[in-house]
>>> print(open('run-v2.cif').read())   # mmCIF, C-alpha atoms and all ligand atoms
data_start
#
loop_
_atom_site.label_atom_id
_atom_site.label_comp_id
_atom_site.auth_asym_id
_atom_site.auth_seq_id
_atom_site.Cartn_x
_atom_site.Cartn_y
_atom_site.Cartn_z
CA THR A 1 -20.18 -8.78 18.27
CA TYR A 2 -16.78 -8.56 19.92
CA LYS A 3 -18.17 -5.83 22.14
CA GLU A 4 -21.10 -7.96 23.29
CA LEU A 5 -18.81 -10.91 23.85
CA SER A 6 -16.41 -8.90 25.95
CA ARG A 7 -19.30 -7.38 27.90
CA SER A 8 -20.89 -10.75 28.70
CA LYS A 9 -17.47 -12.02 29.75
CA GLN A 10 -17.24 -9.10 32.18
CA ASP A 11 -20.73 -9.80 33.55
CA GLU A 12 -19.85 -13.46 34.10
CA ASN A 13 -16.90 -12.50 36.19
CA ALA A 14 -17.82 -9.19 37.75
CA THR A 15 -14.80 -9.03 40.05
CA GLU A 16 -12.41 -9.13 37.09
CA GLN A 17 -11.56 -5.63 35.86
CA PRO A 18 -11.52 -5.02 32.11
CA ARG A 19 -8.00 -4.29 30.94
CA THR A 20 -8.81 -0.89 29.55
CA LYS A 21 -11.32 1.60 30.86
CA ASP A 22 -13.04 1.85 27.53
CA LEU A 23 -12.95 -1.48 25.77
CA VAL A 24 -13.99 -0.65 22.22
CA ALA A 25 -14.61 -3.41 19.73
CA ARG A 26 -12.65 -3.40 16.50
CA PRO A 27 -15.18 -2.74 13.75
CA GLY A 28 -15.33 -5.82 11.63
CA PRO A 29 -17.03 -9.05 10.87
CA PRO A 30 -19.09 -9.91 13.94
CA THR A 31 -18.94 -13.65 13.41
CA ILE A 32 -16.51 -16.37 12.41
CA VAL A 33 -15.06 -15.71 8.98
CA GLU A 34 -13.83 -18.16 6.36
CA GLY A 35 -10.05 -18.44 6.23
CA ILE A 36 -7.41 -15.74 6.34
CA GLU A 37 -9.14 -13.95 3.43
CA GLY A 38 -11.93 -13.15 5.87
CA CYS A 39 -9.49 -11.10 7.96
CA ILE A 40 -8.98 -8.55 5.18
CA GLY A 41 -10.64 -5.14 5.34
CA ASN A 42 -12.77 -3.52 8.06
CA THR A 43 -9.67 -1.98 9.58
CA PRO A 44 -10.01 0.51 12.47
CA LEU A 45 -9.93 4.26 11.99
CA PHE A 46 -8.29 6.03 14.91
CA ARG A 47 -7.45 9.58 15.95
CA ILE A 48 -3.74 10.36 16.03
CA LYS A 49 -3.81 12.23 19.30
CA SER A 50 -0.55 14.16 19.08
CA LEU A 51 -1.13 15.47 15.57
CA SER A 52 -4.77 16.32 16.27
CA ASP A 53 -3.86 18.23 19.43
CA GLU A 54 -1.05 20.11 17.68
CA THR A 55 -3.09 21.15 14.64
CA GLY A 56 -6.54 21.67 16.15
CA CYS A 57 -7.88 19.37 13.43
CA GLU A 58 -8.99 15.79 13.77
CA ILE A 59 -6.31 13.72 12.08
CA LEU A 60 -7.62 10.20 11.60
CA ALA A 61 -5.63 7.18 10.45
CA LYS A 62 -6.92 4.06 8.72
CA ALA A 63 -4.95 1.21 10.30
CA GLU A 64 -4.25 -0.74 7.13
CA PHE A 65 -1.33 -2.57 8.77
CA LEU A 66 -4.04 -4.57 10.55
CA ASN A 67 -5.21 -6.34 7.42
CA GLY A 68 -4.89 -9.98 8.36
CA ALA A 69 -3.09 -11.75 5.52
CA GLY A 70 0.00 -9.74 4.55
CA GLN A 71 -0.49 -6.98 7.13
CA SER A 72 -0.79 -4.08 4.70
CA SER A 73 -3.31 -2.27 2.52
CA LYS A 74 -2.16 -4.51 -0.32
CA ASP A 75 -4.20 -7.41 1.08
CA ARG A 76 -7.30 -5.78 -0.36
CA VAL A 77 -5.69 -5.42 -3.78
CA ALA A 78 -4.18 -8.91 -3.88
CA LEU A 79 -7.52 -10.50 -2.97
CA SER A 80 -9.37 -8.41 -5.54
CA MET A 81 -6.89 -9.24 -8.34
CA ILE A 82 -7.02 -12.98 -7.55
CA GLU A 83 -10.80 -13.13 -7.19
CA ILE A 84 -11.42 -11.27 -10.46
CA ALA A 85 -8.91 -13.52 -12.27
CA GLU A 86 -10.72 -16.55 -10.85
CA GLU A 87 -14.09 -15.19 -12.00
CA GLN A 88 -12.65 -14.69 -15.48
CA GLY A 89 -11.29 -18.23 -15.55
CA ILE A 90 -7.67 -17.00 -15.68
CA LEU A 91 -6.75 -18.63 -12.35
CA THR A 92 -7.92 -22.02 -11.12
CA PRO A 93 -7.09 -23.09 -7.54
CA HIS A 94 -4.87 -26.17 -7.11
CA SER A 95 -4.16 -26.40 -10.83
CA GLY A 96 -0.49 -25.43 -10.57
CA ASP A 97 -1.18 -21.87 -11.67
CA THR A 98 1.53 -19.43 -10.63
CA ILE A 99 0.97 -15.78 -9.78
CA TYR A 100 3.78 -13.47 -10.93
CA GLU A 101 4.14 -9.91 -9.70
CA GLY A 102 6.56 -7.00 -9.74
CA THR A 103 6.36 -5.30 -6.35
CA SER A 104 8.27 -3.24 -3.83
CA GLY A 105 7.26 -5.97 -1.39
CA SER A 106 3.86 -5.42 0.19
CA THR A 107 1.80 -6.64 -2.76
CA GLY A 108 4.11 -9.63 -3.09
CA ILE A 109 3.66 -10.54 0.57
CA SER A 110 -0.13 -10.29 0.28
CA LEU A 111 -0.14 -12.29 -2.96
CA ALA A 112 2.20 -14.96 -1.59
CA THR A 113 0.04 -15.37 1.52
CA LEU A 114 -3.20 -15.59 -0.42
CA ALA A 115 -1.58 -17.86 -3.02
CA ARG A 116 -0.87 -20.35 -0.22
CA ALA A 117 -4.40 -19.96 1.13
CA LYS A 118 -5.99 -20.51 -2.25
CA GLY A 119 -3.77 -23.14 -3.86
CA TYR A 120 -1.41 -21.21 -6.13
CA LEU A 121 2.32 -20.66 -6.35
CA ALA A 122 3.82 -17.18 -6.21
CA HIS A 123 6.86 -15.80 -8.03
CA ILE A 124 7.78 -12.30 -6.92
CA CYS A 125 10.20 -9.87 -8.61
CA MET A 126 11.31 -6.93 -6.50
CA PRO A 127 14.04 -4.26 -6.65
CA SER A 128 17.10 -5.36 -4.70
CA ASP A 129 17.30 -2.09 -2.75
CA GLN A 130 14.07 -2.72 -0.83
CA ALA A 131 14.25 -3.82 2.82
CA ILE A 132 15.64 -7.36 3.10
CA GLU A 133 12.99 -8.43 5.64
CA LYS A 134 10.37 -8.27 2.89
CA SER A 135 12.16 -10.77 0.65
CA ASN A 136 13.04 -12.97 3.66
CA LEU A 137 9.38 -13.09 4.56
CA LEU A 138 8.45 -13.99 0.97
CA LEU A 139 10.84 -16.94 1.12
CA LYS A 140 9.27 -18.11 4.37
CA LEU A 141 5.91 -18.04 2.61
CA GLY A 142 7.30 -20.33 -0.06
CA ALA A 143 7.38 -17.78 -2.86
CA ILE A 144 10.11 -17.74 -5.47
CA VAL A 145 11.86 -14.38 -5.16
CA ASP A 146 13.89 -12.50 -7.76
CA ARG A 147 15.69 -9.47 -6.36
CA VAL A 148 16.59 -7.47 -9.44
CA PRO A 149 18.80 -4.37 -9.66
CA PRO A 150 16.73 -1.16 -9.48
CA ALA A 151 15.99 0.06 -13.01
CA PRO A 152 13.49 2.46 -14.60
CA ILE A 153 10.27 1.03 -15.98
CA VAL A 154 11.43 1.67 -19.56
CA GLU A 155 14.21 -0.90 -19.12
CA LYS A 156 13.67 -4.57 -19.87
CA ASP A 157 15.11 -5.77 -16.58
CA ASN A 158 12.90 -3.57 -14.44
CA PHE A 159 11.18 -5.75 -11.81
CA VAL A 160 7.72 -5.22 -13.31
CA ASN A 161 8.79 -6.07 -16.87
CA ARG A 162 10.59 -9.14 -15.62
CA ALA A 163 7.51 -10.47 -13.80
CA ARG A 164 5.35 -9.86 -16.87
CA ALA A 165 7.77 -11.69 -19.15
CA LEU A 166 8.21 -14.62 -16.75
CA ALA A 167 4.45 -15.12 -16.55
CA LYS A 168 4.27 -15.24 -20.31
CA THR A 169 7.17 -17.71 -20.59
CA HIS A 170 5.61 -19.91 -17.91
CA THR A 171 2.31 -20.18 -19.76
CA ALA A 172 4.06 -20.84 -23.04
CA SER A 173 6.11 -23.69 -21.53
CA SER A 174 3.02 -25.25 -19.95
CA GLY A 175 1.47 -25.75 -23.38
CA LEU A 176 -1.69 -23.94 -22.30
CA SER A 177 -3.17 -21.03 -24.16
CA PRO A 178 -2.22 -17.68 -22.65
CA PRO A 179 -4.68 -16.04 -20.27
CA PRO A 180 -6.58 -13.08 -21.70
CA SER A 181 -4.29 -10.69 -19.84
CA PRO A 182 -4.07 -7.10 -21.06
CA SER A 183 -0.36 -7.04 -20.36
CA ALA A 184 1.42 -9.36 -22.75
CA ALA A 185 5.21 -9.39 -22.98
CA SER A 186 6.85 -8.30 -26.20
CA ALA A 187 9.32 -10.64 -27.90
CA GLU A 188 12.12 -8.32 -26.83
CA GLU A 189 11.03 -8.50 -23.19
CA LYS A 190 11.01 -12.29 -23.35
CA ALA A 191 14.54 -12.58 -24.69
CA ASP A 192 17.28 -13.59 -22.24
CA LEU A 193 14.89 -14.65 -19.51
CA PRO A 194 15.60 -17.84 -17.61
CA GLU A 195 13.35 -20.82 -18.14
CA PRO A 196 10.84 -21.16 -15.31
CA ASP A 197 11.62 -23.63 -12.58
CA GLU A 198 10.96 -27.26 -13.68
CA SER A 199 8.55 -27.89 -10.84
CA MET A 200 6.46 -24.97 -11.96
CA LYS A 201 5.92 -26.06 -15.56
CA ARG A 202 2.31 -26.72 -14.83
CA GLY A 203 -0.73 -24.52 -15.03
CA ARG A 204 -0.64 -20.97 -16.26
CA GLY A 205 1.43 -17.99 -15.37
CA PHE A 206 -0.75 -15.08 -14.27
CA PHE A 207 0.81 -11.62 -14.21
CA ALA A 208 -1.15 -9.81 -11.48
CA ASP A 209 -0.03 -6.38 -12.73
CA GLN A 210 -0.98 -4.16 -9.78
CA PHE A 211 0.04 -0.98 -11.62
CA GLU A 212 -2.26 -1.45 -14.60
CA ASN A 213 -4.83 -3.94 -13.30
CA GLU A 214 -7.96 -1.98 -12.41
CA ALA A 215 -9.03 -4.62 -9.90
CA ASN A 216 -6.64 -2.59 -7.71
CA TRP A 217 -8.50 0.72 -7.46
CA ARG A 218 -11.79 -1.18 -7.41
CA ALA A 219 -10.73 -2.91 -4.17
CA HIS A 220 -10.44 0.52 -2.53
CA TYR A 221 -13.63 1.77 -4.23
CA GLU A 222 -15.53 -1.19 -2.83
CA GLY A 223 -13.74 -1.53 0.52
CA THR A 224 -11.61 1.30 1.87
CA GLY A 225 -13.86 4.13 0.58
CA PRO A 226 -17.19 2.83 1.95
CA GLU A 227 -15.55 1.84 5.24
CA LEU A 228 -14.16 5.37 5.68
CA TYR A 229 -17.49 6.97 4.84
CA ALA A 230 -19.27 4.81 7.40
CA GLN A 231 -16.60 5.23 10.08
CA CYS A 232 -16.68 9.01 9.66
CA ASP A 233 -20.46 9.06 9.55
CA GLY A 234 -20.15 10.91 6.28
CA ARG A 235 -18.12 13.78 7.75
CA LEU A 236 -14.61 14.29 6.43
CA ASP A 237 -12.93 17.29 4.88
CA ALA A 238 -9.77 15.85 3.36
CA PHE A 239 -8.33 12.50 2.33
CA VAL A 240 -4.53 12.28 2.14
CA ALA A 241 -2.61 9.37 0.57
CA GLY A 242 0.54 8.56 -1.35
CA ALA A 243 0.53 6.71 -4.65
CA GLY A 244 2.62 3.67 -5.50
CA THR A 245 0.24 2.26 -8.07
CA GLY A 246 -2.38 4.94 -7.41
CA GLY A 247 -5.00 2.35 -6.46
CA THR A 248 -5.69 3.69 -2.97
CA ILE A 249 -6.05 7.36 -3.83
CA SER A 250 -8.07 6.70 -7.00
CA GLY A 251 -10.41 4.11 -5.49
CA VAL A 252 -11.12 6.11 -2.33
CA ALA A 253 -11.51 9.40 -4.24
CA ARG A 254 -13.87 7.83 -6.76
CA PHE A 255 -16.07 6.54 -3.98
CA LEU A 256 -16.03 9.59 -1.71
CA LYS A 257 -16.08 12.55 -4.12
CA PRO A 258 -19.59 12.01 -5.50
CA LEU A 259 -20.89 11.76 -1.93
CA LEU A 260 -18.78 14.62 -0.57
CA PRO A 261 -18.19 17.15 -3.37
CA LYS A 262 -16.31 19.50 -1.01
CA LEU A 263 -13.79 16.82 -0.01
CA THR A 264 -10.17 17.78 -0.70
CA VAL A 265 -8.10 14.87 -1.99
CA VAL A 266 -4.38 15.37 -1.38
CA LEU A 267 -1.51 13.35 -2.84
CA ALA A 268 1.40 12.77 -0.44
CA ASP A 269 4.46 12.43 -2.66
CA PRO A 270 7.99 11.48 -1.57
CA GLN A 271 11.06 13.25 -2.92
CA GLY A 272 12.07 12.11 -6.41
CA SER A 273 8.54 11.22 -7.48
CA GLY A 274 7.06 12.96 -10.51
CA LEU A 275 3.44 12.86 -9.43
CA PHE A 276 3.63 16.07 -7.36
CA ASN A 277 4.38 18.05 -10.51
CA ARG A 278 1.74 16.14 -12.42
CA VAL A 279 -0.92 17.20 -9.90
CA VAL A 280 0.27 20.76 -9.24
CA TYR A 281 1.55 21.83 -12.67
CA GLY A 282 -0.07 19.26 -14.95
CA VAL A 283 3.27 18.02 -16.26
CA MET A 284 5.42 15.11 -15.22
CA PHE A 285 8.93 16.31 -14.63
CA ASP A 286 11.19 16.96 -11.73
CA LEU A 287 14.20 19.17 -11.22
CA LYS A 288 16.76 16.44 -11.85
CA GLU A 289 15.12 15.56 -15.14
CA ARG A 290 15.28 19.16 -16.19
CA GLU A 291 18.99 19.10 -15.43
CA GLY A 292 19.26 16.40 -18.06
CA THR A 293 19.44 13.12 -16.17
CA ARG A 294 17.67 10.09 -17.56
CA ARG A 295 13.90 10.39 -17.73
CA ARG A 296 11.58 8.11 -15.79
CA ARG A 297 14.33 6.69 -13.68
CA GLN A 298 13.77 4.78 -10.43
CA VAL A 299 12.43 7.15 -7.77
CA ASP A 300 15.28 8.34 -5.58
CA THR A 301 14.02 8.05 -1.99
CA ILE A 302 14.40 5.88 1.07
CA VAL A 303 10.60 5.64 1.23
CA GLU A 304 9.26 2.31 -0.01
CA GLY A 305 5.98 1.66 -1.76
CA ILE A 306 5.02 5.14 -2.96
CA GLY A 307 6.33 7.60 -5.53
CA ILE A 308 6.35 7.01 -9.28
CA ASN A 309 7.47 8.76 -12.41
CA ARG A 310 4.70 7.69 -14.72
CA VAL A 311 0.91 7.77 -14.79
CA THR A 312 -0.27 4.20 -14.24
CA ALA A 313 -3.78 3.01 -15.15
CA ASN A 314 -4.63 3.03 -11.45
CA PHE A 315 -3.49 6.65 -10.96
CA GLU A 316 -5.18 7.64 -14.21
CA ALA A 317 -8.47 6.25 -12.86
CA GLY A 318 -8.66 8.99 -10.24
CA LYS A 319 -6.15 11.66 -11.18
CA GLU A 320 -8.77 14.28 -12.07
CA LEU A 321 -10.13 13.95 -8.52
CA VAL A 322 -6.81 14.81 -6.84
CA ASP A 323 -7.00 18.45 -5.75
CA ASP A 324 -3.59 19.08 -4.28
CA ALA A 325 -0.20 17.49 -3.62
CA VAL A 326 2.41 17.77 -0.89
CA ARG A 327 6.05 16.91 -1.49
CA VAL A 328 7.71 15.23 1.48
CA THR A 329 11.45 14.82 1.98
CA ASP A 330 13.08 11.68 3.38
CA ALA A 331 14.26 13.73 6.36
CA GLN A 332 10.69 14.77 7.17
CA ALA A 333 9.43 11.19 6.84
CA LEU A 334 12.16 9.90 9.18
CA ALA A 335 11.40 12.63 11.73
CA MET A 336 7.65 11.97 11.58
CA ALA A 337 8.14 8.22 12.07
CA ARG A 338 10.17 8.93 15.21
CA TRP A 339 7.60 11.50 16.41
CA LEU A 340 4.72 9.01 16.16
CA VAL A 341 6.62 6.49 18.29
CA GLU A 342 7.70 9.13 20.78
CA LYS A 343 4.31 10.80 21.25
CA ASP A 344 1.74 8.15 20.38
CA GLY A 345 3.40 4.72 20.43
CA ILE A 346 2.57 4.25 16.76
CA PHE A 347 5.23 2.28 14.85
CA ILE A 348 4.76 2.69 11.11
CA GLY A 349 6.52 2.27 7.80
CA SER A 350 7.97 4.93 5.53
CA SER A 351 4.97 5.60 3.27
CA SER A 352 2.72 6.09 6.30
CA ALA A 353 5.17 8.67 7.65
CA VAL A 354 4.98 10.55 4.35
CA ASN A 355 1.18 10.49 4.59
CA CYS A 356 1.29 11.93 8.12
CA ILE A 357 3.53 14.85 7.11
CA ALA A 358 1.10 15.62 4.29
CA ALA A 359 -1.85 15.30 6.67
CA VAL A 360 -0.33 17.93 9.01
CA LYS A 361 0.36 20.26 6.06
CA THR A 362 -3.23 19.81 4.91
CA ALA A 363 -4.53 20.51 8.41
CA ARG A 364 -2.56 23.74 8.52
CA LYS A 365 -3.80 24.75 5.09
CA LEU A 366 -7.46 24.08 5.91
CA GLY A 367 -7.26 25.50 9.44
CA PRO A 368 -8.49 24.19 12.81
CA GLY A 369 -11.73 22.25 13.11
CA HIS A 370 -11.37 20.12 9.99
CA ARG A 371 -11.30 16.34 9.80
CA ILE A 372 -8.46 14.85 7.81
CA VAL A 373 -8.18 11.16 7.06
CA THR A 374 -5.00 9.38 6.03
CA VAL A 375 -3.72 5.84 5.64
CA LEU A 376 -1.15 3.87 7.62
CA SER A 377 -0.30 1.31 4.94
CA ASP A 378 2.11 -0.93 6.80
CA SER A 379 4.02 -1.37 10.03
CA GLY A 380 7.55 -0.27 10.89
CA SER A 381 8.56 -3.89 11.32
CA ARG A 382 8.68 -4.18 7.50
CA HIS A 383 11.24 -1.39 7.42
CA LEU A 384 13.69 -2.20 10.20
CA SER A 385 16.79 -2.74 8.08
CA ARG A 386 16.46 0.30 5.85
CA PHE A 387 14.12 3.16 6.82
CA TRP A 388 14.18 2.51 10.56
CA ALA A 389 17.92 1.84 10.50
CA LYS A 390 18.27 5.42 9.25
CA ALA A 391 15.67 6.76 11.69
CA GLY A 392 17.58 5.26 14.61
CA ASP A 393 16.23 4.41 18.04
CA VAL A 394 13.79 6.78 19.66
CA GLY A 395 15.47 7.89 22.86
CA GLY A 396 13.88 7.76 26.31
CA ALA A 397 13.44 11.29 27.60
CA VAL A 398 13.03 13.24 24.40
CA ASP A 399 10.64 16.09 23.76
CA THR A 400 10.60 16.82 20.05
CA LYS A 401 8.69 19.82 18.71
CA LEU A 402 6.40 19.32 15.72
CA GLU A 403 8.05 22.29 14.01
CA ASP A 404 11.36 20.39 14.06
CA VAL A 405 9.67 17.46 12.32
CA MET A 406 8.03 19.62 9.69
CA ASN A 407 11.27 21.55 9.07
CA ALA A 408 13.53 18.48 9.08
N1 LIG B 1 2.51 2.07 1.15
C1 LIG B 1 3.15 0.92 0.92
C2 LIG B 1 4.06 0.36 1.95
C3 LIG B 1 2.97 0.26 -0.30
O1 LIG B 1 3.61 -0.89 -0.55
C4 LIG B 1 2.12 0.84 -1.26
C5 LIG B 1 1.89 0.16 -2.57
N2 LIG B 1 3.00 -0.03 -3.38
C6 LIG B 1 1.51 2.06 -0.99
C7 LIG B 1 1.71 2.63 0.24
C8 LIG B 1 0.71 2.81 -2.02
O2 LIG B 1 -0.51 2.34 -2.36
P1 LIG B 1 -1.05 2.37 -3.83
O3 LIG B 1 -0.31 1.33 -4.61
O4 LIG B 1 -2.49 2.03 -3.66
O5 LIG B 1 -0.87 3.71 -4.46
#
>>> encode(input="run-v2.cif", output="structure tokens")
Amino acid sequence: TYKELSRSKQDENATEQPRTKDLVARPGPPTIVEGIEGCIGNTPLFRIKSLSDETGCEILAKAEFLNGAGQSSKDRVALSMIEIAEEQGILTPHSGDTIYEGTSGSTGISLATLARAKGYLAHICMPSDQAIEKSNLLLKLGAIVDRVPPAPIVEKDNFVNRARALAKTHTASSGLSPPPSPSAASAEEKADLPEPDESMKRGRGFFADQFENEANWRAHYEGTGPELYAQCDGRLDAFVAGAGTGGTISGVARFLKPLLPKLTVVLADPQGSGLFNRVVYGVMFDLKEREGTRRRRQVDTIVEGIGINRVTANFEAGKELVDDAVRVTDAQALAMARWLVEKDGIFIGSSSAVNCIAAVKTARKLGPGHRIVTVLSDSGSRHLSRFWAKAGDVGGAVDTKLEDVMNA
């Protein structure tokens, strides 16, 4: 193991001091793994010291930004969707097959990375208001990127609908029979779409479909959930996570709840998302909708990756297991992101900040002595131009109070 290796290194050279007093091995594959895919999963779970001390609870964070391909929790999902499509004969490596996806960025980055590793092309459609560093990174990975104006899912030009339709057009122009995908484009969705790039008129177009593809929650059911159970030695009181597709919360809840019937599963929902009301009141609406604005519009928040105004197949898969929900404002998320840098040196993205606010609220609701687990989905470096530009620089000699964060 890493631990044994580092220990024998220390023995070899006894005069050399280890860099940290307590050199703890990252849990993970103890041997050499095959390719970048082997660096996905087995992420560390660590105690967020400041939030644990302040609440009297143990607040633990799953460091999903340490997944090795695209550096987010979406690595697990991308690998699962590709592997299941390969098993079903929908994708064949090095055959010119192209993976299409509609994504706020993270899933696209994971898919584009794994596409390169496995011999596919990637074509990613994302809303144009998401942080520019995500689409720049996609281009570096050799993906084709469509930044489309933000639009609700009911509109044809929504990024998800566009990816679905492009995949269908690609397959049609290749002369191959369409893959047995559950999400076929309607004739109306296909209209007005550009022809796929000439160089890509080979192989099939595969629409990964993270929102509806149940390979998504299964990746968390088979990976994140069992890892958490083992890391916690079977002792946790609450699991807190946001939902973008719903895959994380559903997959983890479906694994943990049968083993831990008393576990409280809490949805962390950003402002503008309809899921909070769905969990708390059983209906999907929010105040703006009641005032008569368009239904199911794009979620109005600076937070990227979580918050939706519909029940996706992946949220549906676990929604009965969600016990409670916390609504988090953009101001709270920005303040929490700054707090975690200031107090703990943890630099995270916007959805992780939302999760941490909800984790503190859950700790306060349950009372001291409980163990609360949440997810840090990606790093702050994916959010420099948008979320962190708003959050600003964390000053040198600051001493923020947690109450100011929670009341931001
Ligand atoms: N955080 C980020 C940054 C994401 O991109 C996503 C997925 N869109 C999530 C959290 C939410 O995960 P899930 O899709 O499993 O609900």
>>> residues_around(input="run-v2.cif", residues="A:Glu37", least_positions_apart="4", cutoff="10 Å", atoms="only C-alpha atoms", output="PyMOL selection string")
chain A and resi 33+41+67-69+75-76+79+113-114+117-118
>>> residues_near_ligand(input="run-v2.cif", ligand="ligand LIG 1 (chain B)", cutoff="6 Å", atoms="all atoms listed in the file", output="tab-separated table (two decimals) with C-alpha atoms, in the coordinates of the input")
chain	number	residue	atom	x	y	z
A	106	SER	CA	3.86	-5.42	0.19
A	242	GLY	CA	0.54	8.56	-1.35
A	243	ALA	CA	0.53	6.71	-4.65
A	244	GLY	CA	2.62	3.67	-5.50
A	245	THR	CA	0.24	2.26	-8.07
A	246	GLY	CA	-2.38	4.94	-7.41
A	247	GLY	CA	-5.00	2.35	-6.46
A	248	THR	CA	-5.69	3.69	-2.97
A	304	GLU	CA	9.26	2.31	-0.01
A	305	GLY	CA	5.98	1.66	-1.76
A	306	ILE	CA	5.02	5.14	-2.96
A	351	SER	CA	4.97	5.60	3.27
A	377	SER	CA	-0.30	1.31	4.94
A	378	ASP	CA	2.11	-0.93	6.80
>>> closest_residue(input="run-v2.cif", among="A:Arg310, A:Arg116, A:Lys62, A:His94", to="A:Gly35", atoms="all atoms listed in the file")
A:Arg116
>>> residues_around(input="run-v2.cif", residues="stretch 321-329 of chain A", least_positions_apart="4", cutoff="7 Å", atoms="only C-alpha atoms", output="list in words")
Ala253, Thr264, Val265, Val266, Leu267, Ala268, Asp269, Pro270, Gln271, Phe276, Val279, Val280, Ala333, Val354 and Ala358 of chain A
>>> residues_around(input="run-v2.cif", residues="A:Ile348", least_positions_apart="3", cutoff="7 Å", atoms="all atoms listed in the file", output="PyMOL selection string")
chain A and resi 337+352-353+376+378-380
>>> build_atoms(input="run-v2.cif", residues="stretch 105-118 of chain A", atoms="N, CA and C atoms", output="PDB file, keeping the file's coordinate frame")
ATOM      1  N   GLY A 105       7.284  -5.029  -2.511  1.00  0.00           N
ATOM      2  CA  GLY A 105       7.260  -5.970  -1.390  1.00  0.00           C
ATOM      3  C   GLY A 105       5.890  -6.262  -0.841  1.00  0.00           C
ATOM      4  N   SER A 106       5.138  -5.204  -0.513  1.00  0.00           N
ATOM      5  CA  SER A 106       3.860  -5.420   0.190  1.00  0.00           C
ATOM      6  C   SER A 106       2.880  -6.238  -0.647  1.00  0.00           C
ATOM      7  N   THR A 107       2.730  -5.889  -1.908  1.00  0.00           N
ATOM      8  CA  THR A 107       1.800  -6.640  -2.760  1.00  0.00           C
ATOM      9  C   THR A 107       2.259  -8.079  -2.887  1.00  0.00           C
ATOM     10  N   GLY A 108       3.568  -8.271  -2.985  1.00  0.00           N
ATOM     11  CA  GLY A 108       4.110  -9.630  -3.090  1.00  0.00           C
ATOM     12  C   GLY A 108       3.793 -10.446  -1.852  1.00  0.00           C
ATOM     13  N   ILE A 109       3.927  -9.815  -0.689  1.00  0.00           N
ATOM     14  CA  ILE A 109       3.660 -10.540   0.570  1.00  0.00           C
ATOM     15  C   ILE A 109       2.178 -10.906   0.651  1.00  0.00           C
ATOM     16  N   SER A 110       1.313  -9.987   0.278  1.00  0.00           N
ATOM     17  CA  SER A 110      -0.130 -10.290   0.280  1.00  0.00           C
ATOM     18  C   SER A 110      -0.443 -11.385  -0.740  1.00  0.00           C
ATOM     19  N   LEU A 111       0.137 -11.279  -1.931  1.00  0.00           N
ATOM     20  CA  LEU A 111      -0.140 -12.290  -2.960  1.00  0.00           C
ATOM     21  C   LEU A 111       0.396 -13.660  -2.549  1.00  0.00           C
ATOM     22  N   ALA A 112       1.603 -13.682  -1.981  1.00  0.00           N
ATOM     23  CA  ALA A 112       2.200 -14.960  -1.590  1.00  0.00           C
ATOM     24  C   ALA A 112       1.382 -15.629  -0.498  1.00  0.00           C
ATOM     25  N   THR A 113       0.873 -14.830   0.442  1.00  0.00           N
ATOM     26  CA  THR A 113       0.040 -15.370   1.520  1.00  0.00           C
ATOM     27  C   THR A 113      -1.251 -15.935   0.962  1.00  0.00           C
ATOM     28  N   LEU A 114      -1.915 -15.141   0.129  1.00  0.00           N
ATOM     29  CA  LEU A 114      -3.200 -15.590  -0.420  1.00  0.00           C
ATOM     30  C   LEU A 114      -3.006 -16.737  -1.417  1.00  0.00           C
ATOM     31  N   ALA A 115      -1.864 -16.753  -2.099  1.00  0.00           N
ATOM     32  CA  ALA A 115      -1.580 -17.860  -3.020  1.00  0.00           C
ATOM     33  C   ALA A 115      -1.571 -19.170  -2.224  1.00  0.00           C
ATOM     34  N   ARG A 116      -0.901 -19.147  -1.078  1.00  0.00           N
ATOM     35  CA  ARG A 116      -0.870 -20.350  -0.220  1.00  0.00           C
ATOM     36  C   ARG A 116      -2.287 -20.722   0.217  1.00  0.00           C
ATOM     37  N   ALA A 117      -3.054 -19.703   0.613  1.00  0.00           N
ATOM     38  CA  ALA A 117      -4.400 -19.960   1.130  1.00  0.00           C
ATOM     39  C   ALA A 117      -5.322 -20.534   0.058  1.00  0.00           C
ATOM     40  N   LYS A 118      -5.039 -20.159  -1.192  1.00  0.00           N
ATOM     41  CA  LYS A 118      -5.990 -20.510  -2.250  1.00  0.00           C
ATOM     42  C   LYS A 118      -5.466 -21.566  -3.226  1.00  0.00           C
TER      43      LYS A 118
END
